[in-house]
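A.B. asks: Structure: model-v1.cif, mmCIF, C-alpha atoms and all ligand atoms.
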```cif
data_protein
loop_
_atom_site.label_atom_id
_atom_site.label_comp_id
_atom_site.auth_asym_id
_atom_site.auth_seq_id
_atom_site.Cartn_x
_atom_site.Cartn_y
_atom_site.Cartn_z
CA MET U 1 0.00 0.00 0.00
CA ARG U 2 2.93 2.31 0.59
CA GLY U 3 3.54 2.47 -3.12
CA MET U 4 0.19 4.20 -3.53
CA VAL U 5 1.00 7.02 -1.15
CA MET U 6 1.39 10.34 -2.90
CA PRO U 7 4.70 12.11 -2.41
CA GLY U 8 3.21 14.51 0.12
CA LYS U 9 6.22 14.23 2.31
CA ALA U 10 8.73 14.51 -0.51
CA LYS U 11 11.32 17.20 -0.32
CA PRO U 12 11.26 18.82 -3.73
CA GLY U 13 14.53 19.82 -5.23
CA THR U 14 16.69 17.71 -2.97
CA GLU U 15 18.82 14.74 -3.66
CA MET U 16 18.27 11.55 -1.77
CA PRO U 17 18.72 12.11 1.94
CA ALA U 18 21.31 9.98 3.72
CA MET U 19 20.44 6.29 3.66
CA ALA U 20 17.35 6.97 1.59
CA MET U 21 15.46 4.33 -0.29
CA PRO U 22 15.79 4.51 -4.07
CA ASP U 23 14.30 7.79 -5.24
CA THR U 24 11.00 6.77 -6.73
CA GLY U 25 9.33 10.05 -5.84
CA MET U 26 8.43 10.79 -9.45
CA SER U 27 6.56 7.54 -9.91
CA GLY U 28 4.09 8.12 -7.12
CA MET U 29 6.07 6.71 -4.22
CA LYS U 30 6.89 8.79 -1.22
CA MET U 31 10.50 9.90 -0.93
CA THR U 32 11.90 8.73 2.32
CA GLY U 33 14.35 9.92 4.95
CA THR U 34 16.48 8.09 7.45
CA VAL U 35 15.84 4.28 7.36
CA GLY U 36 12.77 4.88 5.22
CA VAL U 37 10.94 7.20 7.65
CA PRO U 38 9.53 10.23 5.80
CA ALA U 39 11.17 13.44 6.92
CA ASP U 40 7.95 14.98 8.20
CA ARG U 41 6.39 12.00 9.92
CA ASN U 42 7.44 14.01 13.01
CA ALA U 43 4.41 16.27 13.34
CA SER U 44 5.45 18.11 16.48
CA GLY U 45 8.52 17.57 18.60
CA THR U 46 9.48 14.00 17.73
CA ALA U 47 5.91 12.62 17.72
CA TRP U 48 4.81 10.64 14.67
CA ILE U 49 1.64 10.83 12.58
CA PRO U 50 0.46 8.27 10.00
CA ASP U 51 2.29 8.64 6.66
CA ALA U 52 -0.97 8.61 4.70
CA VAL U 53 -1.96 12.03 6.04
CA SER U 54 0.01 15.24 5.95
CA GLU U 55 0.08 18.68 7.43
CA PRO U 56 -0.14 21.31 4.72
CA MET U 57 3.18 23.08 4.32
CA HIS U 58 5.41 24.83 1.81
CA HIS U 59 8.61 23.19 0.74
CA PHE U 60 11.42 25.20 -0.78
CA VAL U 61 15.18 25.22 -1.05
CA ALA U 62 17.73 27.86 -0.04
CA GLY U 63 21.31 26.91 -0.84
CA ASN U 64 21.96 23.53 0.76
CA TRP U 65 18.99 23.84 3.10
CA ASP U 66 15.57 22.34 2.56
CA LEU U 67 12.99 24.61 4.10
CA MET U 68 9.49 23.81 5.22
CA LEU U 69 7.12 26.51 6.34
CA HIS U 70 3.69 26.06 7.80
CA GLY U 71 1.31 27.60 10.24
CA ALA U 72 -2.23 28.77 10.82
CA ALA U 73 -4.05 31.84 12.04
CA PHE U 74 -7.62 32.08 13.25
CA ALA U 75 -9.37 35.45 13.57
CA GLN U 76 -12.25 34.47 15.79
CA TYR U 77 -15.36 35.65 17.54
CA ASP U 78 -15.82 33.38 20.51
CA ASN U 79 -18.97 33.26 22.64
CA GLN U 80 -19.21 30.84 25.57
CA GLY U 81 -22.56 30.76 27.38
CA GLY U 82 -23.60 30.82 31.03
CA PRO U 83 -22.25 32.59 34.14
CA ARG U 84 -18.74 31.18 33.63
CA GLY U 85 -18.71 31.96 29.92
CA ASP U 86 -17.48 35.06 28.16
CA SER U 87 -17.18 36.45 24.66
CA GLN U 88 -14.16 37.81 22.83
CA LEU U 89 -12.82 38.87 19.46
CA GLY U 90 -9.29 37.57 19.05
CA VAL U 91 -6.58 36.08 16.90
CA ILE U 92 -4.68 32.89 17.64
CA ASP U 93 -1.82 31.77 15.44
CA TRP U 94 1.40 29.87 15.06
CA ALA U 95 4.02 29.72 12.33
CA MET U 96 6.76 27.16 12.01
CA LEU U 97 9.94 27.13 9.93
CA MET U 98 12.03 23.98 9.59
CA ALA U 99 15.41 23.98 7.88
CA THR U 100 17.07 20.67 7.09
CA HIS U 101 20.66 20.02 6.03
CA ASP U 102 22.76 16.89 5.62
CA LEU U 103 25.35 16.58 8.35
CA ALA U 104 27.88 13.88 9.22
CA GLY U 105 26.04 11.09 7.45
CA GLY U 106 22.69 12.11 8.87
CA ARG U 107 20.25 14.98 8.82
CA LEU U 108 20.13 18.11 10.96
CA GLN U 109 16.85 19.97 11.24
CA LEU U 110 16.58 23.37 12.90
CA ARG U 111 13.12 24.46 13.91
CA SER U 112 11.44 27.54 15.14
CA MET U 113 7.75 27.83 15.91
CA LEU U 114 6.42 31.17 17.05
CA SER U 115 3.02 32.39 18.24
CA LEU U 116 1.57 35.86 18.76
CA ASP U 117 -1.32 34.56 20.91
CA ARG U 118 -0.27 36.91 23.73
CA VAL U 119 -1.11 39.88 21.48
CA GLY U 120 -4.06 38.26 19.71
CA VAL U 121 -6.04 37.05 22.73
CA GLY U 122 -4.27 38.74 25.65
CA GLY U 123 -2.71 37.30 28.77
CA SER U 124 -5.86 35.53 29.93
CA GLY U 125 -6.33 33.76 26.62
CA TYR U 126 -9.73 33.13 25.11
CA PRO U 127 -13.03 31.88 26.59
CA GLN U 128 -13.60 28.12 26.55
CA LEU U 129 -15.95 26.49 29.04
CA LEU U 130 -14.29 23.86 31.27
CA GLN U 131 -10.79 24.60 29.97
CA THR U 132 -8.14 24.83 32.71
CA GLY U 133 -4.39 25.24 33.10
CA GLU U 134 -1.74 27.95 33.65
CA ARG U 135 -2.15 31.40 35.17
CA PHE U 136 -2.70 35.07 34.56
CA ASN U 137 -2.11 37.83 37.13
CA GLY U 138 -1.18 35.08 39.57
CA LEU U 139 -4.60 33.43 39.35
CA LEU U 140 -5.33 30.04 37.81
CA LEU U 141 -7.09 30.33 34.48
CA HIS U 142 -10.41 28.49 34.26
CA ASP U 143 -13.01 28.42 31.53
CA ARG U 144 -10.37 30.03 29.33
CA GLN U 145 -7.60 28.62 27.14
CA HIS U 146 -4.23 30.20 27.94
CA PRO U 147 -2.26 31.94 25.19
CA HIS U 148 0.72 29.97 23.91
CA ASP U 149 4.22 31.31 24.42
CA PHE U 150 5.94 33.26 21.64
CA PHE U 151 8.70 30.63 21.53
CA MET U 152 6.50 27.55 21.17
CA GLU U 153 9.45 25.64 19.80
CA VAL U 154 13.12 26.41 19.26
CA ALA U 155 14.86 23.14 18.61
CA ALA U 156 17.47 21.13 16.76
CA LEU U 157 16.77 17.56 15.68
CA TYR U 158 19.50 15.29 14.37
CA ASP U 159 18.94 11.82 13.03
CA ARG U 160 21.10 9.34 11.19
CA ALA U 161 21.12 5.70 10.26
CA LEU U 162 23.26 3.26 12.24
CA THR U 163 22.46 0.41 9.89
CA PRO U 164 20.18 0.37 6.83
CA ASP U 165 17.27 -0.48 9.16
CA VAL U 166 18.02 1.27 12.44
CA GLY U 167 18.32 5.00 13.05
CA VAL U 168 18.96 7.21 16.05
CA GLU U 169 17.66 10.68 16.87
CA LEU U 170 18.71 13.44 19.22
CA TYR U 171 16.44 16.41 19.92
CA LEU U 172 17.68 19.44 21.82
CA ALA U 173 15.19 22.19 22.55
CA PRO U 174 15.46 25.37 24.62
CA SER U 175 11.70 25.31 23.99
CA GLY U 176 9.99 22.22 22.72
CA GLU U 177 8.19 18.97 23.25
CA PRO U 178 9.39 15.94 25.22
CA ALA U 179 8.46 12.38 24.19
CA LEU U 180 5.16 12.40 26.06
CA GLY U 181 1.74 12.05 24.48
CA PRO U 182 0.71 12.33 20.83
CA PRO U 183 1.56 15.30 18.59
CA ALA U 184 0.17 18.52 20.09
CA ASN U 185 -3.42 19.13 19.01
CA MET U 186 -2.71 21.86 16.45
CA HIS U 187 -0.27 19.51 14.68
CA ARG U 188 -2.60 16.55 14.49
CA PRO U 189 -4.21 16.08 11.08
CA SER U 190 -7.35 15.15 13.05
CA ALA U 191 -7.53 18.63 14.63
CA MET U 192 -5.48 21.08 12.58
CA ASP U 193 -8.49 23.16 11.47
CA ASN U 194 -10.04 23.16 14.93
CA PRO U 195 -9.14 26.38 16.78
CA MET U 196 -10.23 24.96 20.14
CA VAL U 197 -7.76 23.13 22.34
CA PRO U 198 -9.00 19.90 23.98
CA ILE U 199 -10.21 20.43 27.57
CA GLY U 200 -8.00 17.43 28.36
CA HIS U 201 -4.91 19.32 27.07
CA HIS U 202 -3.25 19.22 30.50
CA TRP U 203 -3.90 15.48 30.75
CA GLN U 204 -2.54 14.67 27.31
CA ASP U 205 -0.28 16.94 25.28
CA ALA U 206 0.26 20.17 27.24
CA SER U 207 3.98 19.49 27.70
CA HIS U 208 4.48 20.51 24.05
CA VAL U 209 5.85 23.85 25.27
CA SER U 210 8.54 22.87 27.79
CA PHE U 211 11.48 25.20 28.36
CA GLY U 212 14.35 22.75 28.15
CA VAL U 213 14.08 19.32 26.51
CA VAL U 214 16.61 16.64 25.59
CA THR U 215 15.22 13.59 23.78
CA ALA U 216 17.14 10.60 22.46
CA GLY U 217 15.54 7.87 20.41
CA ILE U 218 16.20 4.77 18.37
CA PHE U 219 13.93 3.84 15.50
CA THR U 220 13.24 1.57 12.59
CA ARG U 221 10.84 2.23 9.76
CA ASN U 222 7.91 1.15 11.97
CA TRP U 223 9.01 1.48 15.57
CA LYS U 224 10.47 4.22 17.72
CA VAL U 225 11.55 4.15 21.36
CA GLU U 226 12.43 7.47 23.00
CA GLY U 227 13.41 8.91 26.32
CA SER U 228 13.41 12.57 27.40
CA ILE U 229 14.62 14.64 30.26
CA PHE U 230 12.97 18.02 30.44
CA ASN U 231 11.86 20.99 32.50
CA GLY U 232 8.31 20.10 33.49
CA ARG U 233 7.37 23.48 34.89
CA ASP U 234 4.36 25.03 33.15
CA PRO U 235 5.26 28.18 31.21
CA ASP U 236 4.80 31.28 33.36
CA GLU U 237 2.50 34.12 32.39
CA ASN U 238 5.24 36.14 30.70
CA ARG U 239 4.74 34.69 27.23
CA TRP U 240 7.78 36.35 25.61
CA ASP U 241 10.71 34.71 27.41
CA PHE U 242 12.30 31.30 28.02
CA ASP U 243 11.39 29.93 31.47
CA PHE U 244 14.47 27.81 32.10
CA ASN U 245 14.61 25.45 35.09
CA PRO U 246 16.50 22.24 35.84
CA LEU U 247 15.75 19.26 33.56
CA ASP U 248 14.34 17.23 36.47
CA SER U 249 11.32 15.69 34.72
CA TYR U 250 11.53 12.66 32.47
CA SER U 251 9.43 10.66 30.04
CA GLY U 252 9.52 7.65 27.74
CA ARG U 253 7.48 6.78 24.69
CA VAL U 254 7.05 3.83 22.35
CA THR U 255 5.52 4.53 18.92
CA PHE U 256 4.43 2.00 16.32
CA ASN U 257 3.46 2.85 12.74
CA PRO U 258 2.50 -0.59 11.38
CA ASP U 259 1.60 0.81 7.95
CA SER U 260 0.90 4.15 6.33
CA ALA U 261 -2.59 4.51 7.85
CA TRP U 262 -1.86 4.10 11.55
CA SER U 263 0.29 5.50 14.34
CA LEU U 264 0.01 4.12 17.88
CA SER U 265 1.88 5.41 20.90
CA ALA U 266 2.18 4.75 24.62
CA SER U 267 4.05 7.12 26.89
CA TYR U 268 4.75 7.83 30.52
CA GLY U 269 6.14 10.95 32.11
CA PHE U 270 7.12 12.16 35.56
CA ILE U 271 6.50 15.89 35.73
CA LYS U 272 8.36 17.51 38.61
CA SER U 273 6.55 20.46 40.24
CA PRO U 274 4.63 21.73 37.21
CA GLU U 275 3.31 24.67 39.26
CA THR U 276 5.93 27.14 40.48
CA LEU U 277 3.54 28.27 43.23
CA ASP U 278 3.06 24.70 44.48
CA PRO U 279 6.55 23.19 44.13
CA GLY U 280 5.81 20.24 46.43
CA HIS U 281 3.29 18.86 43.95
CA SER U 282 4.48 16.57 41.13
CA MET U 283 2.66 14.46 38.59
CA HIS U 284 2.81 11.19 36.74
CA ARG U 285 1.23 11.24 33.28
CA MET U 286 0.30 8.29 31.10
CA VAL U 287 -0.98 8.67 27.55
CA LEU U 288 -2.12 6.15 24.96
CA SER U 289 -2.94 7.36 21.47
CA ILE U 290 -4.21 5.85 18.25
CA GLN U 291 -4.08 7.94 15.08
CA ASN U 292 -5.57 6.74 11.82
CA GLY U 293 -5.99 8.42 8.45
CA GLY U 294 -5.95 8.26 4.71
CA ARG U 295 -6.49 9.98 1.40
CA LEU U 296 -9.94 10.85 0.22
CA ARG U 297 -10.70 11.04 -3.50
CA SER U 298 -8.52 13.43 -5.48
CA ASP U 299 -7.75 16.17 -2.98
CA GLY U 300 -9.06 15.26 0.42
CA GLN U 301 -7.89 13.41 3.48
CA TRP U 302 -9.43 12.13 6.68
CA ALA U 303 -7.81 11.65 10.08
CA THR U 304 -8.91 10.47 13.49
CA THR U 305 -7.30 10.32 16.93
CA LEU U 306 -8.33 8.34 19.99
CA LEU U 307 -6.60 9.31 23.20
CA TRP U 308 -6.52 8.34 26.83
CA GLY U 309 -4.47 10.53 29.15
CA ALA U 310 -4.25 10.37 32.91
CA ASN U 311 -2.50 12.35 35.63
CA GLY U 312 -1.51 10.83 38.94
CA HIS U 313 -0.84 13.50 41.56
CA SER U 314 1.85 13.15 44.20
CA ASP U 315 -0.50 14.49 46.88
CA GLN U 316 -3.62 12.48 45.97
CA PRO U 317 -4.37 8.80 45.48
CA GLY U 318 -5.66 7.43 42.19
CA LEU U 319 -5.66 8.75 38.67
CA SER U 320 -7.43 11.68 37.07
CA ASN U 321 -8.53 10.44 33.64
CA SER U 322 -9.29 11.97 30.29
CA ALA U 323 -10.48 10.48 27.02
CA LEU U 324 -10.77 12.07 23.60
CA ALA U 325 -12.03 11.07 20.16
CA GLU U 326 -11.59 13.55 17.32
CA GLY U 327 -11.65 13.57 13.58
CA GLU U 328 -11.21 15.89 10.63
CA VAL U 329 -12.28 15.26 7.06
CA MET U 330 -11.08 17.44 4.19
CA LEU U 331 -13.87 16.44 1.83
CA ASP U 332 -12.29 18.23 -1.11
CA ALA U 333 -10.38 21.46 -1.80
CA LYS U 334 -13.25 23.58 -0.45
CA ASN U 335 -14.93 21.80 2.46
CA THR U 336 -13.62 20.55 5.79
CA VAL U 337 -15.57 19.19 8.75
CA PHE U 338 -14.18 18.33 12.16
CA ALA U 339 -15.52 17.00 15.43
CA ARG U 340 -14.33 16.15 18.91
CA ALA U 341 -15.81 14.33 21.90
CA GLU U 342 -14.16 14.50 25.30
CA PHE U 343 -14.47 13.26 28.85
CA VAL U 344 -12.26 14.62 31.64
CA GLN U 345 -12.18 14.24 35.42
CA LYS U 346 -11.46 17.83 36.48
CA PRO U 347 -10.41 18.57 40.05
CA ALA U 348 -12.19 21.35 41.94
CA ASP U 349 -8.97 23.32 42.37
CA ASP U 350 -8.25 23.33 38.61
CA LEU U 351 -11.73 24.81 38.07
CA ALA U 352 -11.09 27.36 40.87
CA LEU U 353 -14.01 26.01 42.90
CA THR U 354 -12.33 25.51 46.26
CA GLY U 355 -12.66 29.03 47.66
CA GLY U 356 -15.59 31.39 48.12
CA PRO U 357 -19.21 30.38 48.36
CA SER U 358 -18.87 27.24 46.20
CA GLY U 359 -16.18 25.91 48.54
CA PHE U 360 -15.68 22.39 47.17
CA ALA U 361 -12.99 20.21 48.72
CA PRO U 362 -9.76 20.58 46.67
CA GLY U 363 -9.56 16.83 46.06
CA ARG U 364 -13.08 16.62 44.69
CA SER U 365 -13.25 15.70 41.04
CA PHE U 366 -15.99 16.43 38.54
CA ASP U 367 -16.76 14.33 35.47
CA VAL U 368 -17.21 16.76 32.60
CA GLY U 369 -17.60 16.36 28.86
CA ALA U 370 -17.49 18.41 25.69
CA PHE U 371 -18.79 17.63 22.20
CA SER U 372 -17.93 19.91 19.34
CA LEU U 373 -18.61 20.05 15.65
CA GLY U 374 -17.13 22.48 13.14
CA TYR U 375 -17.01 23.29 9.46
CA VAL U 376 -14.68 25.38 7.30
CA ARG U 377 -15.50 26.57 3.80
CA GLU U 378 -12.52 27.78 1.77
CA LEU U 379 -13.25 31.20 0.29
CA THR U 380 -10.17 31.95 -1.74
CA GLN U 381 -6.80 30.42 -2.42
CA GLY U 382 -3.59 31.87 -3.77
CA ARG U 383 0.15 32.11 -3.17
CA GLY U 384 0.03 28.69 -1.56
CA MET U 385 -2.36 29.89 1.12
CA THR U 386 -6.02 29.23 1.69
CA LEU U 387 -8.52 31.46 3.46
CA GLY U 388 -11.55 29.78 4.96
CA LEU U 389 -14.63 30.87 6.89
CA GLY U 390 -15.57 28.51 9.67
CA ALA U 391 -17.90 27.91 12.58
CA LEU U 392 -17.69 25.67 15.59
CA GLY U 393 -20.25 24.75 18.23
CA THR U 394 -19.61 22.98 21.53
CA LEU U 395 -22.06 21.29 23.85
CA ASN U 396 -20.56 20.83 27.31
CA CYS U 397 -21.80 18.49 30.03
CA VAL U 398 -21.34 19.18 33.75
CA PRO U 399 -22.58 17.23 36.79
CA SER U 400 -25.55 18.54 38.81
CA ALA U 401 -23.17 19.87 41.48
CA LEU U 402 -21.95 22.42 38.92
CA GLU U 403 -25.32 23.22 37.36
CA ALA U 404 -25.81 26.48 39.25
CA LEU U 405 -22.27 27.67 38.51
CA TYR U 406 -22.55 26.97 34.78
CA GLY U 407 -26.22 27.95 34.51
CA SER U 408 -27.12 24.57 32.98
CA ARG U 409 -26.09 20.91 32.88
CA THR U 410 -25.34 21.49 29.18
CA PRO U 411 -23.76 24.93 28.70
CA VAL U 412 -22.90 25.73 25.10
CA GLY U 413 -20.18 27.67 23.34
CA ALA U 414 -19.77 28.80 19.76
CA MET U 415 -17.16 30.38 17.57
CA VAL U 416 -17.04 31.83 14.08
CA PHE U 417 -13.67 32.43 12.47
CA PHE U 418 -11.61 33.22 9.43
CA ARG U 419 -8.74 30.80 9.07
CA VAL U 420 -5.58 31.17 6.99
CA ARG U 421 -3.14 28.34 6.53
CA ALA U 422 -0.88 26.78 3.94
CA LEU U 423 -2.85 25.21 1.12
CA GLY U 424 -3.38 21.60 2.01
CA SER U 425 -3.37 18.14 0.72
CA ARG U 426 -3.10 17.31 -2.95
CA ALA U 427 -3.12 20.88 -4.21
CA THR U 428 0.35 21.64 -2.85
CA GLU U 429 1.60 18.20 -3.76
CA MET U 430 0.48 18.58 -7.34
CA ALA U 431 2.15 21.98 -7.50
CA ALA U 432 5.29 20.53 -5.95
CA MET U 433 5.28 17.61 -8.38
CA LYS U 434 4.90 19.96 -11.33
CA GLY U 435 7.82 21.97 -9.98
CA MET U 436 9.89 18.81 -9.58
CA LYS U 437 9.09 17.63 -13.08
CA GLY U 438 10.01 21.06 -14.39
CA MET U 439 13.35 20.86 -12.64
CA ASN U 440 14.01 17.42 -14.02
CA GLU U 441 13.29 18.53 -17.54
CA ARG U 442 15.60 21.47 -17.33
CU CU U 501 -0.73 23.99 24.47
#
```
Could you render the structure as structure tokens?
Ligand SMILES: [Cu+2]
C.D. replies:
Amino acid sequence: MRGMVMPGKAKPGTEMPAMAMPDTGMSGMKMTGTVGVPADRNASGTAWIPDAVSEPMHHFVAGNWDLMLHGAAFAQYDNQGGPRGDSQLGVIDWAMLMATHDLAGGRLQLRSMLSLDRVGVGGSGYPQLLQTGERFNGLLLHDRQHPHDFFMEVAALYDRALTPDVGVELYLAPSGEPALGPPANMHRPSAMDNPMVPIGHHWQDASHVSFGVVTAGIFTRNWKVEGSIFNGRDPDENRWDFDFNPLDSYSGRVTFNPDSAWSLSASYGFIKSPETLDPGHSMHRMVLSIQNGGRLRSDGQWATTLLWGANGHSDQPGLSNSALAEGEVMLDAKNTVFARAEFVQKPADDLALTGGPSGFAPGRSFDVGAFSLGYVRELTQGRGMTLGLGALGTLNCVPSALEALYGSRTPVGAMVFFRVRALGSRATEMAAMKGMKGMNER
């Protein structure tokens, strides 16, 4: 089946990377990187996605460097209902540049991913019912999604083959993602057009912005085993700097891509004092993920992710669980639908419900859920970019104990947005292939 995969992950204009398979990119086979792993199977940090799906990005060449540029921006009007809801006009965005160069028999990739969320949605982020995590003005954020740091990722990734079938990787990041959990939500093909972050983010993939990460891994074409040491402290509320601390957290992950349609991973992490204001508190995190996807007709793709993530707290018995199912279908060049269903056990202190009149015990946990459905219609495309108009609705579920606080057992939220990102799927690949053919003919 691999032979049928379009060269979406090809690197136009480059010669075979070190230890590459024979270059059959022109005949409809994907060009491959170290030990046959496509160069951009790493969707974020060193986390894999299925080869059959791709993140839209631009490929170009500057001197001896292969460059890949991608990103997305959402200009959004967000309205979350009920007493704990709010409304806001804002812009969230990220842009990522990757530069790859052959080095010492392997491949060096330098990456920088930046976000202007702090300007676009302010220090308290944007309204999202039941979302929790991080702080603003010294207070825990709740029912809002925090802005991401300007330096979402600044990293160097080196990989090379040891034998024709076994490769090694080393990832060094002043800001980046340890081997814990699946790719971060905005880099998953199952969620890349969804501006909302999962309410289970801090149970699953929130470590994607960690200020200090070292990851080493060994991989074959189908398997990867990795270990990280990293700074597990949550980013502070100054979103413009690097929040360095000792690398006293650690994680390990096993990933299995049995064929081009699937990527499975299991990971465990020990996160040392994630909260600066509560340094005695540490966490264990376990995450299982299943990603699946494929091509759809001439210029679409579909992708799904199933996730279980759990936190064990050093000061509480038991596990706090989360589960997520999400999917995105690019039906064709114009129409994309996406959906997500979530369940999370949220502690009262995360939801800021331990003080004041509500006064729940800090250890009390609430089972909450969120179901969302969204659609994007592309309006215009040019210069390798596509502009879409989208809408997203979320139905949340809270237990009766929270009914008065949320105004309902089923508070709702909605968002309308304009979204700009690199032109996706087949369109860019076709353009790239034409470019490659042109180069060959010259
Ligand atoms: Cu995040």
A.B. asks: Report as a PyMOL selection string which protein, DNA and RNA residues come within 12 Å of ligand CU 501 (chain U), using only C-alpha atoms and all ligand atoms.
C.D. replies: chain U and resi 44+92-94+115+117+125+131-134+145-153+176-177+183-187+195-210+234-235
A.B. asks: Which one of U:Leu141, U:Ala155, U:Gly355, U:Arg239 sits closest to Leu116 in chain U if you count all atoms listed in the file?
C.D. replies: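 Smallest separation from Leu116 in chain U among the options: U:Arg239.
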A.B. asks: Restricting the calculation to all atoms listed in the file, which member of U:Ser320, U:Ser190, U:Thr100, U:Gln76 is positioned closest to Gly63 in chain U?
C.D. replies: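 Among the listed residues, U:Thr100 lies closest to Gly63 in chain U.
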A.B. asks: What is the distance between CA of Arg160 in chain U and CA of Ala216 in chain U, in Å to one decimal?
C.D. replies: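 Answer for the CA of Arg160 in chain U to CA of Ala216 in chain U separation: 12.0 Å.
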A.B. asks: Between CA of Phe360 in chain U and CA of Pro399 in chain U, what is the distance, to one decimal in Å?
C.D. replies: 13.5 Å
A.B. asks: Need to verify the contact set: range 378-389 of chain U, 6 Å, only C-alpha atoms, exclusion of same-chain residues closer than 2 positions in sequence. Can you return it as a list in words?
C.D. replies: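 So the residues in contact are Lys334, Val376, Phe417, Phe418, Arg419, Val420, Arg421, Ala422 and Leu423 of chain U.
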A.B. asks: Tell me, as number ranges by chain, which residues lie within 10 Å of range 349-354 of chain U, counting all atoms listed in the file; anything in the same chain fewer than 2 positions away does not count.
C.D. replies: U: 130-134, 139-143, 346-347, 356-366, 402, 405
A.B. asks: Could you pull out every residue with an atom within 6 Å of (-16.7, 23.2, 8.5), file coordinates, counting all atoms listed in the file, and send them as a PyMOL selection string?
C.D. replies: chain U and resi 336-337+374-377+390
A.B. asks: Grab the CA of Val154 in chain U to CA of His59 in chain U distance for me, in Å with one decimal place.
C.D. replies: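 So the two atoms, CA of Val154 in chain U and CA of His59 in chain U, lie 19.3 Å apart.
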A.B. asks: From the set U:Pro182, U:Gly300, U:Gly232, U:Gly294, which residue has the shortest atom-to-atom contact distance to Ser267 in chain U, counting only C-alpha atoms?
C.D. replies: U:Pro182
A.B. asks: Using all atoms listed in the file, can you tell me which of U:Ser251, U:Thr34, U:Ser54, U:Asn194 comes closest to Asn292 in chain U?
C.D. replies: U:Ser54
A.B. asks: Choose the residue, out of U:Arg107, U:Arg253, U:Arg144, U:His281, that has the smallest atom-to-atom separation from Ser228 in chain U; count all atoms listed in the file.
C.D. replies: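 Looking only at the distances to Ser228 in chain U, the closest residue turns out to be U:Arg253.
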A.B. asks: Identify the residues around (13.1, 10.3, 24.2) within a radius of 8 Å, measuring from only C-alpha atoms in the coordinates stated by the file, and give them as a ChimeraX atom specification.
C.D. replies: /U:178-179,214-217,225-229,251-253
A.B. asks: So which one's closest to Asp51 in chain U, U:Leu331, U:Ala261, U:Met283, U:Met192? Using only C-alpha atoms, please.
C.D. replies: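 For Asp51 in chain U, the nearest of the candidates is U:Ala261.
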A.B. asks: Hey, could you pull the box centre and edge lengths for range 200-217 of chain U, axis-aligned, 3 Å padding per side, all listed atoms, to one decimal in Å, as JSON?
C.D. replies:
```
{"center_x": 4.6, "center_y": 16.5, "center_z": 25.6, "size_x": 31.1, "size_y": 23.3, "size_z": 16.3}
```
A.B. asks: What's around Ala161 in chain U at 10 Å? Count all atoms listed in the file, leave out sequence neighbours fewer than 4 positions away in its own chain, and write the answer as a ChimeraX atom specification.
C.D. replies: /U:18-20,33-36,105-107,165-169,218-220
A.B. asks: Put those residues in a file: C-alpha atoms, as a tab-separated table (two decimals), in the frame of the given file.
C.D. replies:
```
chain	number	residue	atom	x	y	z
U	18	ALA	CA	21.31	9.98	3.72
U	19	MET	CA	20.44	6.29	3.66
U	20	ALA	CA	17.35	6.97	1.59
U	33	GLY	CA	14.35	9.92	4.95
U	34	THR	CA	16.48	8.09	7.45
U	35	VAL	CA	15.84	4.28	7.36
U	36	GLY	CA	12.77	4.88	5.22
U	105	GLY	CA	26.04	11.09	7.45
U	106	GLY	CA	22.69	12.11	8.87
U	107	ARG	CA	20.25	14.98	8.82
U	165	ASP	CA	17.27	-0.48	9.16
U	166	VAL	CA	18.02	1.27	12.44
U	167	GLY	CA	18.32	5.00	13.05
U	168	VAL	CA	18.96	7.21	16.05
U	169	GLU	CA	17.66	10.68	16.87
U	218	ILE	CA	16.20	4.77	18.37
U	219	PHE	CA	13.93	3.84	15.50
U	220	THR	CA	13.24	1.57	12.59
```
A.B. asks: Put range 176-181 of chain U into a file with N, CA, C and O atoms, as an mmCIF file, in the first residue's frame.
C.D. replies:
```cif
data_model
loop_
_atom_site.group_PDB
_atom_site.id
_atom_site.type_symbol
_atom_site.label_atom_id
_atom_site.label_comp_id
_atom_site.auth_asym_id
_atom_site.auth_seq_id
_atom_site.Cartn_x
_atom_site.Cartn_y
_atom_site.Cartn_z
ATOM 1 N N GLY U 176 10.465 23.285 23.599
ATOM 2 C CA GLY U 176 9.992 22.216 22.721
ATOM 3 C C GLY U 176 9.215 21.156 23.462
ATOM 4 O O GLY U 176 8.722 21.386 24.568
ATOM 5 N N GLU U 177 9.135 19.999 22.817
ATOM 6 C CA GLU U 177 8.190 18.969 23.246
ATOM 7 C C GLU U 177 8.915 17.675 23.613
ATOM 8 O O GLU U 177 9.583 17.087 22.773
ATOM 9 N N PRO U 178 8.801 17.226 24.858
ATOM 10 C CA PRO U 178 9.393 15.938 25.219
ATOM 11 C C PRO U 178 8.581 14.779 24.636
ATOM 12 O O PRO U 178 7.472 14.985 24.126
ATOM 13 N N ALA U 179 9.131 13.575 24.715
ATOM 14 C CA ALA U 179 8.463 12.378 24.192
ATOM 15 C C ALA U 179 7.384 11.961 25.191
ATOM 16 O O ALA U 179 7.568 11.060 26.009
ATOM 17 N N LEU U 180 6.272 12.661 25.148
ATOM 18 C CA LEU U 180 5.162 12.403 26.058
ATOM 19 C C LEU U 180 3.870 12.775 25.355
ATOM 20 O O LEU U 180 3.674 13.926 24.978
ATOM 21 N N GLY U 181 3.011 11.794 25.139
ATOM 22 C CA GLY U 181 1.737 12.053 24.479
ATOM 23 C C GLY U 181 1.862 12.021 22.964
ATOM 24 O O GLY U 181 2.924 11.742 22.406
#
```
